[in-house]
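Undergrad: Pasting a structure below so you can have a look.
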Amino acid sequence: MASKIALALHGGCGTLPVDELTAAEWAESRDHIADALRAGWDILRRGGSALDAVEATVVILENSPHFNAGHGAALNAAEQHELDSAIMDGATLGAGAVAGAGRIRNPVKAARALLERGDAIMLIGPSADAFAGSAGLEIVDNSYFTTARRIEMLRRMRAHAASGTSASEGEKHGTVGAVALDRAGHLAAATSTGGYTNKPPGRVGDSPLIGIGTYARDGACAVSCTGMGEYFMRNVAGHEIASQMRLAGRSLKEATHTMVFDTIGKQYGIGAGLCAVDGQGHIEVPFNTVGMYRGFVTADGDCHVGTHAELECRGRWDQ
Ligand code: ASP
């Protein structure tokens, strides 16, 4: 019997307070979230794979300047972009990832190409860039990723560091990710990020690490995380959520909310969020910050998009 289909994404829990951007900028970011959902949903409803759907969804988010991934990614302490991305197939546990990439226009496409090649799960730095070029992917100058907003965030992070003041979540970081359930009942997850603003050169976050920022396993769930990666790494977040479901019988909601609000949120007092889907098409998008860019299409086709507490309904999409 054909499975229900479901799709969810996040654009990072490093969302700025509402008054920092114009209404038009917020509206555009919500439109880009809806565009990304549409790209993934069209693949799922035509019977395409969850893997293709999460890749297509993340590509749209990487191309938008509103999110910290691809064009619009954070700048590190050397005023460079070092991009991390991963993709995972819940059916086969096949995965691909790149870390510290500097020239790949869409890092998630390189992660997917590596998954398909199959002889390594992760490539780093210039080797990741070279691989992407040889795989026929678009190569760009590192400055392609820079936007005025990220230059401003770097300036602010340096000012906070100099004066000892604390930065808001929106100044610090962000990420994009997607999770999907396809008609064959398979799950997949993908994540892409510039990491946190002013990060030390060479720093790798949780996003490209399989089992941490990105994880998918049929019979459990698909997860993509956002928040300061070091804390997700210590708690092996993605795999822990799946294990809580598989081995302890927790629901998707129990496992994901425990991770975001208790394991990460309460223990470390930091901002955290994620998007997740299980094999029945249940979706969770918990976050403990002022906002999290997010969107999802439920197994009934109901589409919702949001940046802060409220969710905007974008109608019932054909399945
Ligand atoms: N998880 C990302 C990282 O640590 C940042 C974020 O999601 O905000 O690289």
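Note on naming: chains are A, B, ... as they come in the structure tokens, residues start from 1 per chain, ligands start from 1 in the order shown.
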Once you count only C-alpha atoms and all ligand atoms, what closest atom pair and distance in Å to one decimal does each residue of chain A within 6 Å of ligand 1 have, with rows by chain and rising residue number, as a tab-separated table?
TA:
residue	atom	partner	partner_atom_place_in_ligand_line	distance
A:Gly12	CA	ligand 1	7 (O)	5.5
A:Gly14	CA	ligand 1	8 (O)	5.7
A:His173	CA	ligand 1	8 (O)	4.1
A:Gly174	CA	ligand 1	8 (O)	3.4
A:Thr175	CA	ligand 1	7 (O)	4.3
A:Gly195	CA	ligand 1	9 (O)	3.3
A:Tyr196	CA	ligand 1	5 (C)	5.4
A:Gly205	CA	ligand 1	9 (O)	3.8
A:Asp206	CA	ligand 1	4 (O)	5.4
A:Ser207	CA	ligand 1	1 (N)	5.5
A:Thr226	CA	ligand 1	7 (O)	3.2
A:Gly227	CA	ligand 1	7 (O)	3.9
A:Met228	CA	ligand 1	4 (O)	4.2
A:Gly229	CA	ligand 1	4 (O)	3.2
Undergrad: Could you write those residues out with N, CA, C and O atoms, as a short mmCIF file (atom, residue, chain, number, x, y, z; two decimals), in the first residue's frame?
TA:
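In the end it all went to out.cif:
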data_model
loop_
_atom_site.label_atom_id
_atom_site.label_comp_id
_atom_site.auth_asym_id
_atom_site.auth_seq_id
_atom_site.Cartn_x
_atom_site.Cartn_y
_atom_site.Cartn_z
N GLY A 12 16.55 27.51 10.19
CA GLY A 12 17.42 27.88 11.30
C GLY A 12 16.67 28.53 12.46
O GLY A 12 15.68 29.23 12.27
N GLY A 14 18.19 30.62 14.34
CA GLY A 14 18.80 31.94 14.54
C GLY A 14 18.00 33.00 13.81
O GLY A 14 18.50 33.72 12.97
N HIS A 173 23.83 32.77 14.37
CA HIS A 173 23.86 31.57 13.53
C HIS A 173 22.59 31.35 12.72
O HIS A 173 21.76 32.23 12.60
N GLY A 174 22.42 30.13 12.19
CA GLY A 174 21.31 29.72 11.34
C GLY A 174 21.75 28.50 10.55
O GLY A 174 22.91 28.12 10.61
N THR A 175 20.82 27.92 9.83
CA THR A 175 21.07 26.69 9.08
C THR A 175 19.80 26.43 8.28
O THR A 175 18.77 27.02 8.58
N GLY A 195 27.35 27.66 9.31
CA GLY A 195 27.86 27.58 10.69
C GLY A 195 27.55 28.87 11.43
O GLY A 195 26.64 29.59 11.06
N TYR A 196 28.30 29.17 12.49
CA TYR A 196 28.00 30.40 13.22
C TYR A 196 28.93 31.54 12.83
O TYR A 196 30.06 31.32 12.40
N GLY A 205 30.66 22.15 12.13
CA GLY A 205 29.54 22.03 13.04
C GLY A 205 28.88 20.66 13.01
O GLY A 205 29.44 19.69 12.49
N ASP A 206 27.69 20.60 13.54
CA ASP A 206 26.95 19.33 13.62
C ASP A 206 26.27 18.97 12.30
O ASP A 206 26.00 17.79 12.04
N SER A 207 25.98 19.99 11.47
CA SER A 207 25.13 19.77 10.29
C SER A 207 25.63 18.67 9.36
O SER A 207 24.83 17.85 8.90
N THR A 226 19.16 22.44 14.20
CA THR A 226 19.73 23.79 14.14
C THR A 226 19.99 24.31 15.56
O THR A 226 19.20 24.04 16.47
N GLY A 227 21.08 25.04 15.70
CA GLY A 227 21.52 25.53 17.01
C GLY A 227 23.01 25.30 17.12
O GLY A 227 23.60 24.68 16.22
N MET A 228 23.63 25.81 18.16
CA MET A 228 25.08 25.69 18.30
C MET A 228 25.52 24.21 18.27
O MET A 228 25.24 23.44 19.18
N GLY A 229 26.19 23.87 17.16
CA GLY A 229 26.43 22.47 16.86
C GLY A 229 27.20 21.70 17.92
O GLY A 229 27.01 20.48 18.07
#
Undergrad: Which residues, written as number ranges by chain, have at least one atom at most 12 Å from Gly94 of chain A, with only C-alpha atoms counted and residues fewer than 5 positions away on the same chain left out?
TA: A: 51, 86-89, 111-122, 187-189, 210-211, 215-218
Undergrad: What's around Ala272 of chain A at 8 Å? Count only C-alpha atoms, leave out sequence neighbours fewer than 2 positions away in its own chain, and write the answer as a count of residues only.
TA: 14
Undergrad: Tell me which protein, DNA and RNA residues are within 9 Å of Pro200 of chain A, counting only C-alpha atoms, leaving out same-chain ones fewer than 3 positions away, and put them as a compact mmCIF listing (two decimals) with all heavy atoms, in the first residue's frame.
TA:
# COMPACT_ATOMS: atom_id res chain seq x y z
N ASN A 76 33.10 33.58 8.58
CA ASN A 76 33.89 33.14 9.73
C ASN A 76 34.85 34.26 10.15
O ASN A 76 34.81 35.38 9.61
CB ASN A 76 34.62 31.82 9.43
CG ASN A 76 35.74 31.96 8.40
OD1 ASN A 76 36.11 33.07 8.01
ND2 ASN A 76 36.26 30.84 7.95
N ALA A 77 35.71 33.99 11.13
CA ALA A 77 36.59 35.02 11.69
C ALA A 77 37.60 35.54 10.67
O ALA A 77 38.16 36.63 10.83
CB ALA A 77 37.31 34.47 12.92
N ALA A 78 37.84 34.78 9.61
CA ALA A 78 38.76 35.22 8.54
C ALA A 78 38.00 35.86 7.38
O ALA A 78 38.56 36.04 6.30
CB ALA A 78 39.57 34.02 8.04
N ARG A 203 36.54 25.29 11.64
CA ARG A 203 35.53 24.71 12.54
C ARG A 203 34.44 24.00 11.74
O ARG A 203 33.92 24.54 10.77
CB ARG A 203 34.91 25.81 13.40
CG ARG A 203 33.82 25.34 14.36
CD ARG A 203 32.43 25.51 13.80
NE ARG A 203 31.38 25.21 14.77
CZ ARG A 203 30.09 25.17 14.49
NH1 ARG A 203 29.68 25.45 13.26
NH2 ARG A 203 29.20 24.87 15.40
Undergrad: With only C-alpha atoms as the basis for distance, which of A:Glu240, A:Glu152, A:Asp182, A:Asp35 is at the shortest distance from Gly295 of chain A?
TA: A:Asp35
Undergrad: List the spatial neighbours of Ser64 of chain A as a ChimeraX atom specification - criterion: any atom at most 10 Å away, only C-alpha atoms, same-chain residues fewer than 2 positions off excluded.
TA: /A:28-29,32-33,36,58-62,66-73
Undergrad: Any idea what's packed within 12 Å of Glu82 of chain A, counting only C-alpha atoms, ignoring anything in its chain fewer than 2 positions away? Could you give it as a PyMOL selection string?
TA: chain A and resi 68-80+84-85+98-105+107+124-126+128-129+142-143+145-146+192-205+208
